[in-house]
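Only one structure is covered here, and it is reproduced in the block below.
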Amino acid sequence: MDFSKLTDDFLIKLRMENTFSTDNYEKVKSALIHNVAEWKSYGSVPVKDVVDIVFLIDQLAGGSRFFDEETTIKVEDACIEIEDIINNLI
């Protein structure tokens, strides 16, 4: 599935319903892990994917005053986890 579609599905639920969909997040994370291995072997990341990643991290790092405490913790943990996955490109 298209990485952009996965991030959109996850972020729409997060922002519109203030709900952290673990299933959607796991799909995003799995795709990202797969793509990082591929990007590393190519030595580059497609611009479209960079934009999607930046937007994903921005939305996770920005948090929301409407999240309950449990969702806030999941969002913060997801942001850290995504950043760690991206660090594997180095």
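Each chain in the structure tokens gets a letter, A, B, ..., in the order shown, and its residues are numbered from 1; ligands are numbered from 1 in order too.
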What are the DSSP alpha helix (DSSP H) residues of chain A, as a compact mmCIF listing (two decimals) with N, CA and C atoms, in the first residue's frame?
# COMPACT_ATOMS: atom_id res chain seq x y z
N PHE A 3 2.59 4.55 0.94
CA PHE A 3 2.98 5.10 2.24
C PHE A 3 2.15 6.35 2.57
N SER A 4 1.91 7.18 1.59
CA SER A 4 1.13 8.40 1.80
C SER A 4 -0.29 8.07 2.26
N LYS A 5 -0.89 7.05 1.67
CA LYS A 5 -2.24 6.63 2.05
C LYS A 5 -2.25 6.12 3.49
N LEU A 6 -1.23 5.37 3.86
CA LEU A 6 -1.15 4.85 5.23
C LEU A 6 -1.03 5.98 6.25
N THR A 7 -0.17 6.94 5.96
CA THR A 7 -0.02 8.06 6.91
C THR A 7 -1.29 8.90 6.96
N ASP A 8 -1.94 9.09 5.81
CA ASP A 8 -3.20 9.84 5.79
C ASP A 8 -4.26 9.15 6.65
N ASP A 9 -4.42 7.84 6.47
CA ASP A 9 -5.42 7.10 7.24
C ASP A 9 -5.17 7.24 8.74
N PHE A 10 -3.91 7.09 9.13
CA PHE A 10 -3.54 7.20 10.54
C PHE A 10 -3.80 8.61 11.08
N LEU A 11 -3.33 9.62 10.35
CA LEU A 11 -3.44 11.00 10.84
C LEU A 11 -4.87 11.53 10.81
N ILE A 12 -5.67 11.10 9.87
CA ILE A 12 -7.07 11.54 9.83
C ILE A 12 -7.80 11.07 11.08
N LYS A 13 -7.61 9.83 11.42
CA LYS A 13 -8.25 9.29 12.63
C LYS A 13 -7.72 10.00 13.87
N LEU A 14 -6.42 10.25 13.90
CA LEU A 14 -5.81 10.93 15.05
C LEU A 14 -6.35 12.35 15.20
N ARG A 15 -6.38 13.10 14.12
CA ARG A 15 -6.78 14.51 14.18
C ARG A 15 -8.28 14.73 14.19
N MET A 16 -9.02 13.91 13.48
CA MET A 16 -10.47 14.12 13.40
C MET A 16 -11.21 13.51 14.60
N GLU A 17 -10.69 12.38 15.09
CA GLU A 17 -11.39 11.69 16.17
C GLU A 17 -10.60 11.71 17.48
N THR A 22 -3.99 2.05 16.81
CA THR A 22 -2.81 1.20 16.88
C THR A 22 -2.64 0.39 15.60
N ASP A 23 -3.74 -0.09 15.05
CA ASP A 23 -3.66 -0.86 13.79
C ASP A 23 -3.09 -0.02 12.67
N ASN A 24 -3.60 1.20 12.50
CA ASN A 24 -3.09 2.08 11.44
C ASN A 24 -1.64 2.47 11.70
N TYR A 25 -1.31 2.73 12.96
CA TYR A 25 0.07 3.08 13.28
C TYR A 25 1.02 1.93 12.96
N GLU A 26 0.63 0.71 13.30
CA GLU A 26 1.48 -0.45 13.01
C GLU A 26 1.71 -0.61 11.51
N LYS A 27 0.70 -0.31 10.71
CA LYS A 27 0.86 -0.35 9.25
C LYS A 27 1.85 0.70 8.77
N VAL A 28 1.74 1.91 9.33
CA VAL A 28 2.67 2.99 8.99
C VAL A 28 4.08 2.59 9.38
N LYS A 29 4.24 2.11 10.60
CA LYS A 29 5.56 1.73 11.11
C LYS A 29 6.17 0.60 10.27
N SER A 30 5.37 -0.40 9.95
CA SER A 30 5.85 -1.53 9.15
C SER A 30 6.31 -1.06 7.77
N ALA A 31 5.50 -0.22 7.14
CA ALA A 31 5.86 0.31 5.82
C ALA A 31 7.13 1.14 5.90
N LEU A 32 7.25 1.93 6.95
CA LEU A 32 8.43 2.78 7.11
C LEU A 32 9.69 1.93 7.29
N ILE A 33 9.59 0.90 8.11
CA ILE A 33 10.74 0.01 8.32
C ILE A 33 11.15 -0.64 7.00
N HIS A 34 10.16 -1.11 6.26
CA HIS A 34 10.44 -1.72 4.95
C HIS A 34 11.08 -0.69 4.01
N ASN A 35 10.51 0.50 3.97
CA ASN A 35 11.01 1.53 3.05
C ASN A 35 12.41 2.00 3.43
N VAL A 36 12.70 2.10 4.72
CA VAL A 36 14.03 2.55 5.15
C VAL A 36 15.09 1.59 4.63
N ALA A 37 14.84 0.30 4.71
CA ALA A 37 15.80 -0.68 4.20
C ALA A 37 16.00 -0.49 2.69
N GLU A 38 14.91 -0.26 1.99
CA GLU A 38 14.97 -0.04 0.54
C GLU A 38 15.71 1.27 0.22
N TRP A 39 15.34 2.35 0.92
CA TRP A 39 15.98 3.65 0.68
C TRP A 39 17.46 3.60 0.97
N LYS A 40 17.83 2.89 2.02
CA LYS A 40 19.24 2.79 2.38
C LYS A 40 20.02 2.09 1.27
N SER A 41 19.43 1.06 0.70
CA SER A 41 20.13 0.35 -0.37
C SER A 41 20.25 1.21 -1.63
N TYR A 42 19.26 2.06 -1.89
CA TYR A 42 19.30 2.98 -3.04
C TYR A 42 20.17 4.20 -2.78
N VAL A 47 11.32 12.21 -2.80
CA VAL A 47 10.85 13.48 -2.24
C VAL A 47 9.45 13.32 -1.64
N LYS A 48 8.57 12.64 -2.34
CA LYS A 48 7.20 12.44 -1.85
C LYS A 48 7.19 11.78 -0.48
N ASP A 49 8.05 10.79 -0.29
CA ASP A 49 8.12 10.09 1.00
C ASP A 49 8.72 10.98 2.08
N VAL A 50 9.69 11.80 1.71
CA VAL A 50 10.27 12.75 2.68
C VAL A 50 9.18 13.69 3.18
N VAL A 51 8.37 14.20 2.28
CA VAL A 51 7.28 15.10 2.66
C VAL A 51 6.31 14.39 3.60
N ASP A 52 5.95 13.16 3.28
CA ASP A 52 5.05 12.39 4.14
C ASP A 52 5.64 12.17 5.53
N ILE A 53 6.91 11.86 5.60
CA ILE A 53 7.57 11.63 6.88
C ILE A 53 7.63 12.91 7.70
N VAL A 54 8.00 14.00 7.05
CA VAL A 54 8.08 15.29 7.76
C VAL A 54 6.71 15.67 8.31
N PHE A 55 5.67 15.51 7.51
CA PHE A 55 4.32 15.84 7.95
C PHE A 55 3.89 14.92 9.09
N LEU A 56 4.21 13.63 9.00
CA LEU A 56 3.88 12.69 10.06
C LEU A 56 4.54 13.07 11.38
N ILE A 57 5.83 13.33 11.33
CA ILE A 57 6.56 13.71 12.55
C ILE A 57 6.03 15.03 13.09
N ASP A 58 5.77 15.98 12.20
CA ASP A 58 5.22 17.27 12.62
C ASP A 58 3.90 17.10 13.36
N GLN A 59 3.02 16.28 12.82
CA GLN A 59 1.72 16.07 13.45
C GLN A 59 1.84 15.32 14.77
N LEU A 60 2.76 14.39 14.86
CA LEU A 60 2.96 13.66 16.11
C LEU A 60 3.63 14.55 17.16
N ALA A 61 4.64 15.29 16.75
CA ALA A 61 5.37 16.14 17.69
C ALA A 61 4.51 17.30 18.18
N GLY A 62 3.57 17.74 17.33
CA GLY A 62 2.72 18.87 17.70
C GLY A 62 1.72 18.54 18.78
N GLU A 69 -4.82 11.61 28.26
CA GLU A 69 -3.45 11.30 28.68
C GLU A 69 -2.89 10.06 27.98
N GLU A 70 -3.71 9.04 27.83
CA GLU A 70 -3.26 7.80 27.19
C GLU A 70 -2.88 8.04 25.73
N THR A 71 -3.70 8.79 25.01
CA THR A 71 -3.41 9.11 23.61
C THR A 71 -2.16 9.96 23.49
N THR A 72 -2.02 10.92 24.39
CA THR A 72 -0.84 11.78 24.39
C THR A 72 0.44 10.96 24.53
N ILE A 73 0.42 10.00 25.42
CA ILE A 73 1.60 9.14 25.62
C ILE A 73 1.88 8.30 24.37
N LYS A 74 0.83 7.74 23.77
CA LYS A 74 1.00 6.95 22.55
C LYS A 74 1.57 7.80 21.41
N VAL A 75 1.08 9.03 21.28
CA VAL A 75 1.56 9.92 20.23
C VAL A 75 3.03 10.27 20.45
N GLU A 76 3.39 10.60 21.69
CA GLU A 76 4.79 10.92 21.99
C GLU A 76 5.69 9.73 21.72
N ASP A 77 5.27 8.55 22.15
CA ASP A 77 6.06 7.33 21.92
C ASP A 77 6.20 7.04 20.43
N ALA A 78 5.12 7.23 19.67
CA ALA A 78 5.16 7.00 18.23
C ALA A 78 6.14 7.95 17.56
N CYS A 79 6.14 9.20 17.98
CA CYS A 79 7.06 10.19 17.40
C CYS A 79 8.50 9.76 17.62
N ILE A 80 8.82 9.36 18.82
CA ILE A 80 10.18 8.91 19.14
C ILE A 80 10.53 7.67 18.33
N GLU A 81 9.59 6.75 18.22
CA GLU A 81 9.83 5.51 17.48
C GLU A 81 10.06 5.78 15.99
N ILE A 82 9.26 6.66 15.40
CA ILE A 82 9.43 7.02 13.98
C ILE A 82 10.79 7.68 13.77
N GLU A 83 11.17 8.57 14.67
CA GLU A 83 12.48 9.22 14.55
C GLU A 83 13.61 8.20 14.64
N ASP A 84 13.48 7.22 15.53
CA ASP A 84 14.49 6.16 15.64
C ASP A 84 14.59 5.33 14.36
N ILE A 85 13.44 5.04 13.77
CA ILE A 85 13.44 4.28 12.51
C ILE A 85 14.17 5.08 11.42
N ILE A 86 13.88 6.36 11.35
CA ILE A 86 14.52 7.23 10.35
C ILE A 86 16.02 7.32 10.59
N ASN A 87 16.42 7.30 11.85
CA ASN A 87 17.87 7.33 12.16
C ASN A 87 18.61 6.13 11.59
